[in-house]
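To start, the structure itself, in structure tokens.
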Amino acid sequence: MRFDFSRIFLSSNVNFYSDDGPMQRVLEFLKYRGRDELSSLGKYVSSEMVEEAMFIDHYSKPVLQTWDVLDERMDGVWISPSHVHVIDRLQSFGVISRPILEKDLMHHFISGYLISDSGLFCTLTLTMQTAYALQKYGNDHVRNTYLNRFISHENPWLGATYYTEIQGGSDLGANRTVAVPDGDAWRITGSDKYFASNSGLADASVVTARIQGAPQGAKGISTFFVPALDSNGNPNYRIRRLKDKLGTIAVPTGEVELDHSEGYLLGDLQTGIYIAMEILTVSRIDDAIAAVGIARKALWEAYRYAQKREAFGKALSNHPLVQRDLVEMEAEVEASMAISILSASLFSGVWDVRPPYSREYHFARTLSHMAKNLASWSSDYVTRYAMELLGGKGFLHEFPIEKFHRDSIVTSIWEGTSNIQALDLLEVLLKKDVLKDLREYLSKLLEEISDKDIRSTMDDMVRDSFSRAANYLSSEQREFYAKDVLDLLATTTASVLLYAVAFKTGDTGMRMIATVYRWKHFDPERKEPEIYKFALKHMEWMAHSSP
Ligand SMILES: Cc1cc2nc3c(=O)[nH]c(=O)nc-3n(C[C@H](O)[C@H](O)[C@H](O)COP(=O)(O)OP(=O)(O)OC[C@H]3O[C@@H](n4cnc5c(N)ncnc54)[C@H](O)[C@@H]3O)c2cc1C
């Protein structure tokens, strides 16, 4: 008898794309028509990928293989053949090739929401970043030599980004790795790259380094494309060891030593740090998207469990407190999903923009900070609480739910912690005057709300939030308040957006969810059980699966 994964994962027959009504509403609102591939991916993820990801996490960790049998260094990471297969399969859905060939970055981001496994999707995020960097900032020679490898049908290349050094990940300006010119290439040296995910699997990476003699701090950073093998076919850098991690097991995270490694400059010497940060924005949005994708999976599973499991003679889902739990989790997921997909859509729209950046670019970046922070923390709460709804079983290694939580924790840490998102937001608000653009954007969203009372309430709320944000920003202690600004603007934006989507698409259930979200964040004393009941009814789509 074959092992039946659906006995331990109740959502194994859903389609994470077509069955997800709220996500479909957001795409409709943003006028993005997803390709059929996304529907196939949505089914593949629930039926095969989640099982494979759990198996890798528990029983099949990547292993560093330093030497080959003839005593030559190989610095490769060995993963199981089925792990190789799942990466190939995921790439076959166009997760990397669609953006490169058709500039359809949204296809990548929505795929990320569906895949969302922090380990497997990290491999694809890093690959997207590398291909994106090459396409936009590689010179003709480098682009022509390498870009096609990332989109080939046969063994497509994988990428990586080596930014963080042992002395500081948040402070990129503290990078000690040095680059010196060598003909058309550069030689890069430094043994401090301390968190290098996908090393040993990646065929090429994006590396930050300081050109010898460049000024100290972030302005002196340049960005390089570094193949895993040099032009003589030898390993271009060494992998010291792999990290032992709490989650994201499917992606190996190594420590990398560069030693006169061959690299190619991306962009020019003046704009290196901007390019590094732009490439980071791709992964920050991926991170937001994946965080909320994990939360959706955890909630879906908890919802189905609550319908089947009984306590005190009735299904968990019939207990008022559980109903309230489910609705409040749904509100967090929908709000984070909406702002993350909006952020993805805005960033996709500035694909052709290069430094010096336009207002639209700065606006898109602003949304990425808000989305990453909101989504990662709501994912932390939703995945954690989903465990609790499964009771003691939620704490067991033998069911997938605990892995969702372990994988969600990293999302607020990597690609810049919460504090760093807050500081980056502060910088863009103060230097680029983006607050005005955000206010205008929200005013347009408010126009979508056709119910006068709700619009007036939301109008007041937005006015109040912006006045509080302006006070924080004008304070001498603005750095101390940076996270208040981030939380306030993110929850305000998500709240208005949810209503706008609900009204524009005529989704009354989502309107109730938007109301619950508003109460939770802006009017915490208020809770009307009837609205919760209505909202819960809206969630029934999670009980059904498409054929
Ligand atoms: C599983 C995993 C995989 C990773 N993969 C990669 C990868 O592939 N490539 C890569 O380049 N990096 C990678 N990272 C590194 C990650 O991006 C960094 O860990 C992260 O950016 C934080 O840097 P740090 O660990 O050096 O912490 P630090 O920078 O030392 O920060 C420590 C704490 O201090 C806070 N802090 C720092 N500066 C300030 C400030 N000015 N104000 C307020 N608070 C501050 C931070 O918020 C944090 O809470 C990975 C990390 C993990 C956990």
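Here's how to read the names in the structure tokens: chain A, B, ... by the order shown, residue numbers from 1 in each chain, ligand numbers from 1 in the order shown.
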
So which residues are near ligand 1, meaning at most 8 Å away with only C-alpha atoms and all ligand atoms counted, given back as an MDAnalysis selection string?
chainID A and resid 126 160:171 193:199 245 247:248 253 410 413:420 423

Compile the contact shell of Ala179 of chain A as an NGL selection string: residues with an atom at most 9 Å away, counting only C-alpha atoms, same-chain residues fewer than 2 positions apart removed.
:A and (177 or 181 or 186-190 or 209-212 or 222 or 260-261 or 263)

When you count only C-alpha atoms, which of these residues is closest to Glu330 of chain A: A:Phe466, A:Tyr361, A:Tyr472, A:Tyr532?
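Nearest candidate to Glu330 of chain A out of A:Phe466, A:Tyr361, A:Tyr472, A:Tyr532: A:Tyr532.
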
Restricting the calculation to only C-alpha atoms, which member of A:Ser116, A:Glu479, A:Leu147, A:Ile275 is positioned closest to Ser379 of chain A?
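Nearest candidate to Ser379 of chain A out of A:Ser116, A:Glu479, A:Leu147, A:Ile275: A:Ser116.
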
Counting only C-alpha atoms, which residues in segment 295-386 of chain A sit no more than 10 Å from segment 89-109 of chain A? For each one, give the nearest pair of atoms and the distance in Å, sorted by chain then residue number, as JSON lines.
{"residue": "A:Ser340", "atom": "CA", "partner": "A:Phe109", "partner_atom": "CA", "distance": 9.3}
{"residue": "A:Ile341", "atom": "CA", "partner": "A:Phe109", "partner_atom": "CA", "distance": 7.8}
{"residue": "A:Ser343", "atom": "CA", "partner": "A:Phe109", "partner_atom": "CA", "distance": 10.0}
{"residue": "A:Ala344", "atom": "CA", "partner": "A:Met106", "partner_atom": "CA", "distance": 6.5}
{"residue": "A:Ser345", "atom": "CA", "partner": "A:Met106", "partner_atom": "CA", "distance": 6.3}
{"residue": "A:Leu346", "atom": "CA", "partner": "A:Met106", "partner_atom": "CA", "distance": 9.5}
{"residue": "A:Phe347", "atom": "CA", "partner": "A:Leu105", "partner_atom": "CA", "distance": 8.4}
{"residue": "A:Ser348", "atom": "CA", "partner": "A:Leu105", "partner_atom": "CA", "distance": 5.4}
{"residue": "A:Gly349", "atom": "CA", "partner": "A:Leu105", "partner_atom": "CA", "distance": 8.7}
{"residue": "A:Trp351", "atom": "CA", "partner": "A:Lys103", "partner_atom": "CA", "distance": 7.3}
{"residue": "A:Asp352", "atom": "CA", "partner": "A:Lys103", "partner_atom": "CA", "distance": 9.1}

Same residues, all heavy atoms, output as a PDB file, in the first residue's frame:
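What landed in result_16.pdb:
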ATOM      1  N   SER A 340       0.739  42.779  -0.294  1.00  0.00           N
ATOM      2  CA  SER A 340       1.925  42.146  -0.901  1.00  0.00           C
ATOM      3  C   SER A 340       1.764  42.060  -2.415  1.00  0.00           C
ATOM      4  O   SER A 340       2.709  42.316  -3.169  1.00  0.00           O
ATOM      5  CB  SER A 340       2.147  40.745  -0.325  1.00  0.00           C
ATOM      6  OG  SER A 340       2.373  40.834   1.059  1.00  0.00           O
ATOM      7  N   ILE A 341       0.566  41.707  -2.855  1.00  0.00           N
ATOM      8  CA  ILE A 341       0.362  41.602  -4.309  1.00  0.00           C
ATOM      9  C   ILE A 341       0.349  43.003  -4.935  1.00  0.00           C
ATOM     10  O   ILE A 341       0.861  43.203  -6.038  1.00  0.00           O
ATOM     11  CB  ILE A 341      -0.913  40.784  -4.632  1.00  0.00           C
ATOM     12  CG1 ILE A 341      -0.705  39.337  -4.157  1.00  0.00           C
ATOM     13  CG2 ILE A 341      -1.207  40.803  -6.130  1.00  0.00           C
ATOM     14  CD1 ILE A 341      -1.846  38.384  -4.455  1.00  0.00           C
ATOM     15  N   SER A 343       2.157  45.473  -3.871  1.00  0.00           N
ATOM     16  CA  SER A 343       3.573  45.822  -3.917  1.00  0.00           C
ATOM     17  C   SER A 343       4.250  45.130  -5.108  1.00  0.00           C
ATOM     18  O   SER A 343       5.045  45.738  -5.837  1.00  0.00           O
ATOM     19  CB  SER A 343       4.209  45.408  -2.583  1.00  0.00           C
ATOM     20  OG  SER A 343       5.564  45.219  -2.702  1.00  0.00           O
ATOM     21  N   ALA A 344       3.909  43.864  -5.324  1.00  0.00           N
ATOM     22  CA  ALA A 344       4.467  43.116  -6.459  1.00  0.00           C
ATOM     23  C   ALA A 344       4.069  43.774  -7.775  1.00  0.00           C
ATOM     24  O   ALA A 344       4.890  43.939  -8.690  1.00  0.00           O
ATOM     25  CB  ALA A 344       3.958  41.676  -6.423  1.00  0.00           C
ATOM     26  N   SER A 345       2.825  44.187  -7.848  1.00  0.00           N
ATOM     27  CA  SER A 345       2.329  44.772  -9.092  1.00  0.00           C
ATOM     28  C   SER A 345       3.011  46.122  -9.374  1.00  0.00           C
ATOM     29  O   SER A 345       3.400  46.414 -10.509  1.00  0.00           O
ATOM     30  CB  SER A 345       0.812  44.913  -8.958  1.00  0.00           C
ATOM     31  OG  SER A 345       0.314  45.815  -9.862  1.00  0.00           O
ATOM     32  N   LEU A 346       3.178  46.930  -8.332  1.00  0.00           N
ATOM     33  CA  LEU A 346       3.830  48.233  -8.530  1.00  0.00           C
ATOM     34  C   LEU A 346       5.286  48.051  -8.948  1.00  0.00           C
ATOM     35  O   LEU A 346       5.793  48.743  -9.832  1.00  0.00           O
ATOM     36  CB  LEU A 346       3.768  49.061  -7.238  1.00  0.00           C
ATOM     37  CG  LEU A 346       2.376  49.547  -6.828  1.00  0.00           C
ATOM     38  CD1 LEU A 346       2.412  50.128  -5.418  1.00  0.00           C
ATOM     39  CD2 LEU A 346       1.847  50.583  -7.816  1.00  0.00           C
ATOM     40  N   PHE A 347       5.953  47.090  -8.321  1.00  0.00           N
ATOM     41  CA  PHE A 347       7.365  46.876  -8.668  1.00  0.00           C
ATOM     42  C   PHE A 347       7.492  46.307 -10.082  1.00  0.00           C
ATOM     43  O   PHE A 347       8.409  46.679 -10.825  1.00  0.00           O
ATOM     44  CB  PHE A 347       8.033  45.947  -7.641  1.00  0.00           C
ATOM     45  CG  PHE A 347       9.525  45.885  -7.801  1.00  0.00           C
ATOM     46  CD1 PHE A 347      10.323  46.942  -7.377  1.00  0.00           C
ATOM     47  CD2 PHE A 347      10.137  44.797  -8.399  1.00  0.00           C
ATOM     48  CE1 PHE A 347      11.705  46.909  -7.547  1.00  0.00           C
ATOM     49  CE2 PHE A 347      11.516  44.752  -8.569  1.00  0.00           C
ATOM     50  CZ  PHE A 347      12.300  45.810  -8.145  1.00  0.00           C
ATOM     51  N   SER A 348       6.573  45.434 -10.464  1.00  0.00           N
ATOM     52  CA  SER A 348       6.608  44.901 -11.836  1.00  0.00           C
ATOM     53  C   SER A 348       6.465  46.037 -12.841  1.00  0.00           C
ATOM     54  O   SER A 348       7.034  45.991 -13.931  1.00  0.00           O
ATOM     55  CB  SER A 348       5.461  43.912 -12.063  1.00  0.00           C
ATOM     56  OG  SER A 348       5.470  42.933 -11.079  1.00  0.00           O
ATOM     57  N   GLY A 349       5.716  47.062 -12.454  1.00  0.00           N
ATOM     58  CA  GLY A 349       5.473  48.192 -13.350  1.00  0.00           C
ATOM     59  C   GLY A 349       6.688  49.082 -13.562  1.00  0.00           C
ATOM     60  O   GLY A 349       6.684  49.931 -14.452  1.00  0.00           O
ATOM     61  N   TRP A 351       9.806  47.862 -14.042  1.00  0.00           N
ATOM     62  CA  TRP A 351      10.855  46.958 -14.543  1.00  0.00           C
ATOM     63  C   TRP A 351      11.920  47.713 -15.339  1.00  0.00           C
ATOM     64  O   TRP A 351      13.110  47.444 -15.234  1.00  0.00           O
ATOM     65  CB  TRP A 351      10.197  45.869 -15.408  1.00  0.00           C
ATOM     66  CG  TRP A 351      11.163  44.976 -16.125  1.00  0.00           C
ATOM     67  CD1 TRP A 351      11.831  45.269 -17.284  1.00  0.00           C
ATOM     68  CD2 TRP A 351      11.597  43.675 -15.724  1.00  0.00           C
ATOM     69  NE1 TRP A 351      12.645  44.207 -17.633  1.00  0.00           N
ATOM     70  CE2 TRP A 351      12.520  43.217 -16.699  1.00  0.00           C
ATOM     71  CE3 TRP A 351      11.280  42.837 -14.654  1.00  0.00           C
ATOM     72  CZ2 TRP A 351      13.136  41.970 -16.627  1.00  0.00           C
ATOM     73  CZ3 TRP A 351      11.898  41.592 -14.587  1.00  0.00           C
ATOM     74  CH2 TRP A 351      12.814  41.169 -15.556  1.00  0.00           C
ATOM     75  N   ASP A 352      11.501  48.676 -16.168  1.00  0.00           N
ATOM     76  CA  ASP A 352      12.461  49.345 -17.055  1.00  0.00           C
ATOM     77  C   ASP A 352      13.194  50.513 -16.398  1.00  0.00           C
ATOM     78  O   ASP A 352      14.032  51.145 -17.033  1.00  0.00           O
ATOM     79  CB  ASP A 352      11.737  49.864 -18.310  1.00  0.00           C
ATOM     80  CG  ASP A 352      11.328  48.709 -19.208  1.00  0.00           C
ATOM     81  OD1 ASP A 352      12.132  47.767 -19.346  1.00  0.00           O
ATOM     82  OD2 ASP A 352      10.204  48.731 -19.734  1.00  0.00           O
TER      83      ASP A 352
END

Taking into account only C-alpha atoms, which residue in the set A:Tyr303, A:Tyr274, A:Phe399, A:Trp541 is nearest to Tyr357 of chain A?
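Under the stated criterion, the closest residue is A:Tyr274.
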
Residue list (alpha helix (DSSP H), DSSP) for segment 187-399 of chain A, as a ChimeraX atom specification:
/A:272-308,320-348,359-389

What does the distance from atom CA of Phe522 of chain A to atom CA of Ile285 of chain A come to in Å, to one decimal?
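Interatomic distance, atom CA of Phe522 of chain A to atom CA of Ile285 of chain A: 25.5 Å.
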
When DSSP is applied to the backbone of this structure, which of segment 107-338 of chain A are assigned strand (DSSP E)? Write them out as a PDB file with C-alpha atoms, in the first residue's frame.
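This is the output file selection.pdb:
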ATOM      1  CA  THR A 161      23.129  36.477  -3.620  1.00  0.00           C
ATOM      2  CA  TYR A 162      26.128  36.837  -1.343  1.00  0.00           C
ATOM      3  CA  VAL A 178      37.420  43.580  -1.974  1.00  0.00           C
ATOM      4  CA  ALA A 179      37.442  43.636  -5.792  1.00  0.00           C
ATOM      5  CA  VAL A 180      40.388  44.551  -8.034  1.00  0.00           C
ATOM      6  CA  PRO A 181      40.276  44.922 -11.837  1.00  0.00           C
ATOM      7  CA  ASP A 182      41.656  42.162 -14.066  1.00  0.00           C
ATOM      8  CA  ALA A 185      36.781  41.008 -15.280  1.00  0.00           C
ATOM      9  CA  TRP A 186      37.394  41.606 -11.567  1.00  0.00           C
ATOM     10  CA  ARG A 187      39.088  39.508  -8.895  1.00  0.00           C
ATOM     11  CA  ILE A 188      37.097  39.365  -5.690  1.00  0.00           C
ATOM     12  CA  THR A 189      38.540  38.332  -2.333  1.00  0.00           C
ATOM     13  CA  GLY A 190      36.984  37.988   1.118  1.00  0.00           C
ATOM     14  CA  SER A 191      36.210  35.182   3.539  1.00  0.00           C
ATOM     15  CA  ASP A 192      33.349  36.842   5.400  1.00  0.00           C
ATOM     16  CA  LYS A 193      30.253  35.923   3.350  1.00  0.00           C
ATOM     17  CA  TYR A 194      28.390  34.411   6.246  1.00  0.00           C
ATOM     18  CA  PHE A 195      24.877  33.587   5.005  1.00  0.00           C
ATOM     19  CA  ALA A 196      25.056  32.349   1.440  1.00  0.00           C
ATOM     20  CA  SER A 197      21.859  30.533   0.578  1.00  0.00           C
ATOM     21  CA  ALA A 204      26.227  31.855 -10.438  1.00  0.00           C
ATOM     22  CA  SER A 205      25.708  34.515  -7.820  1.00  0.00           C
ATOM     23  CA  VAL A 206      25.393  38.240  -7.258  1.00  0.00           C
ATOM     24  CA  VAL A 207      28.108  39.405  -4.866  1.00  0.00           C
ATOM     25  CA  THR A 208      28.618  42.737  -3.122  1.00  0.00           C
ATOM     26  CA  ALA A 209      32.203  43.930  -2.667  1.00  0.00           C
ATOM     27  CA  ARG A 210      34.181  47.114  -2.229  1.00  0.00           C
ATOM     28  CA  ILE A 211      36.463  48.107  -5.051  1.00  0.00           C
ATOM     29  CA  ILE A 221      29.834  49.053  -2.520  1.00  0.00           C
ATOM     30  CA  SER A 222      29.737  47.569  -6.017  1.00  0.00           C
ATOM     31  CA  THR A 223      27.756  44.613  -7.296  1.00  0.00           C
ATOM     32  CA  PHE A 224      29.207  41.704  -9.298  1.00  0.00           C
ATOM     33  CA  PHE A 225      28.049  38.675 -11.211  1.00  0.00           C
ATOM     34  CA  VAL A 226      30.160  35.699 -10.114  1.00  0.00           C
ATOM     35  CA  PRO A 227      29.831  32.285 -11.835  1.00  0.00           C
ATOM     36  CA  TYR A 237      34.914  30.093  -4.548  1.00  0.00           C
ATOM     37  CA  ARG A 238      34.955  27.760  -1.570  1.00  0.00           C
ATOM     38  CA  ILE A 239      32.117  26.791   0.740  1.00  0.00           C
ATOM     39  CA  ARG A 240      33.385  26.571   4.311  1.00  0.00           C
ATOM     40  CA  ARG A 241      30.346  24.893   5.847  1.00  0.00           C
ATOM     41  CA  LEU A 242      26.548  24.746   5.794  1.00  0.00           C
ATOM     42  CA  THR A 253      22.854  28.139   3.464  1.00  0.00           C
ATOM     43  CA  GLY A 254      26.629  28.209   3.460  1.00  0.00           C
ATOM     44  CA  GLU A 255      29.582  30.347   4.397  1.00  0.00           C
ATOM     45  CA  VAL A 256      31.493  31.351   1.291  1.00  0.00           C
ATOM     46  CA  GLU A 257      35.162  32.247   0.860  1.00  0.00           C
ATOM     47  CA  LEU A 258      36.083  34.219  -2.229  1.00  0.00           C
ATOM     48  CA  ASP A 259      39.729  34.064  -3.234  1.00  0.00           C
ATOM     49  CA  HIS A 260      40.607  36.053  -6.366  1.00  0.00           C
ATOM     50  CA  SER A 261      37.235  34.880  -7.662  1.00  0.00           C
ATOM     51  CA  GLU A 262      36.392  35.908 -11.194  1.00  0.00           C
ATOM     52  CA  GLY A 263      33.513  38.381 -11.336  1.00  0.00           C
ATOM     53  CA  TYR A 264      31.870  40.847 -13.686  1.00  0.00           C
ATOM     54  CA  LEU A 265      30.670  44.283 -12.680  1.00  0.00           C
ATOM     55  CA  GLU A 310     -15.074  17.702  17.448  1.00  0.00           C
ATOM     56  CA  ALA A 311     -14.827  18.989  21.014  1.00  0.00           C
ATOM     57  CA  LYS A 314     -19.644  19.646  18.157  1.00  0.00           C
ATOM     58  CA  ALA A 315     -17.182  20.623  15.454  1.00  0.00           C
TER      59      ALA A 315
END

Measuring between only C-alpha atoms, which one of A:Ser111, A:Thr66, A:Asn148, A:Gln421 shows the shortest distance to Phe16 of chain A?
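Smallest distance to Phe16 of chain A is found for A:Ser111.
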
Pick the closest to Leu396 of chain A from A:Asp184, A:Thr515, A:Ile8, A:Phe55: which is it, counting only C-alpha atoms?
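Of A:Asp184, A:Thr515, A:Ile8, A:Phe55, the one nearest Leu396 of chain A, counting only C-alpha atoms, is A:Ile8.
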
What is the atom CA of Phe404 of chain A to atom CA of Val50 of chain A distance in Å?
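Spanning atom CA of Phe404 of chain A to atom CA of Val50 of chain A is a straight-line distance of 10.3 Å.
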
Taking only C-alpha atoms into account, which of A:Phe395, A:Tyr517, A:Phe534, A:Phe480 comes nearest Tyr499 of chain A?
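Ranked by minimum distance to Tyr499 of chain A, first place goes to A:Tyr517.
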
What lies within 9 Å of Leu316 of chain A using only C-alpha atoms, ignoring chain neighbours under 4 positions off, as a ChimeraX atom specification?
/A:305-312,320,322-323,389

Those selected residues, please, written with N, CA and C atoms and delivered as an mmCIF file, in the first residue's frame.
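File produced: part.cif:
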data_model
loop_
_atom_site.group_PDB
_atom_site.id
_atom_site.type_symbol
_atom_site.label_atom_id
_atom_site.label_comp_id
_atom_site.auth_asym_id
_atom_site.auth_seq_id
_atom_site.Cartn_x
_atom_site.Cartn_y
_atom_site.Cartn_z
ATOM 1 N N TYR A 305 -9.415 21.403 9.391
ATOM 2 C CA TYR A 305 -9.333 20.591 10.608
ATOM 3 C C TYR A 305 -10.469 20.975 11.562
ATOM 4 N N ALA A 306 -10.693 22.283 11.692
ATOM 5 C CA ALA A 306 -11.721 22.764 12.628
ATOM 6 C C ALA A 306 -13.114 22.298 12.215
ATOM 7 N N GLN A 307 -13.295 22.038 10.942
ATOM 8 C CA GLN A 307 -14.599 21.534 10.495
ATOM 9 C C GLN A 307 -14.798 20.071 10.857
ATOM 10 N N LYS A 308 -13.697 19.344 10.935
ATOM 11 C CA LYS A 308 -13.811 17.889 11.133
ATOM 12 C C LYS A 308 -13.646 17.464 12.591
ATOM 13 N N ARG A 309 -12.789 18.137 13.292
ATOM 14 C CA ARG A 309 -12.489 17.746 14.669
ATOM 15 C C ARG A 309 -13.612 18.211 15.604
ATOM 16 N N GLU A 310 -14.019 17.317 16.504
ATOM 17 C CA GLU A 310 -15.074 17.702 17.448
ATOM 18 C C GLU A 310 -14.526 17.894 18.850
ATOM 19 N N ALA A 311 -15.111 18.825 19.586
ATOM 20 C CA ALA A 311 -14.827 18.989 21.014
ATOM 21 C C ALA A 311 -16.145 19.346 21.690
ATOM 22 N N PHE A 312 -16.383 18.813 22.839
ATOM 23 C CA PHE A 312 -17.632 19.044 23.574
ATOM 24 C C PHE A 312 -18.858 18.782 22.692
ATOM 25 N N PRO A 320 -18.021 29.475 19.191
ATOM 26 C CA PRO A 320 -17.863 30.910 18.904
ATOM 27 C C PRO A 320 -16.416 31.408 18.973
ATOM 28 N N VAL A 322 -13.659 29.734 18.402
ATOM 29 C CA VAL A 322 -12.895 29.250 17.242
ATOM 30 C C VAL A 322 -13.319 30.033 16.000
ATOM 31 N N GLN A 323 -14.606 30.303 15.904
ATOM 32 C CA GLN A 323 -15.090 31.085 14.752
ATOM 33 C C GLN A 323 -14.396 32.442 14.723
ATOM 34 N N LEU A 389 -4.751 25.677 16.806
ATOM 35 C CA LEU A 389 -6.076 25.155 16.451
ATOM 36 C C LEU A 389 -6.040 23.646 16.210
#

Please measure the separation of atom CA of Ser80 of chain A and atom CA of Ser6 of chain A, giving the value in Å to one decimal.
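Distance reported for this atom pair: 22.7 Å.
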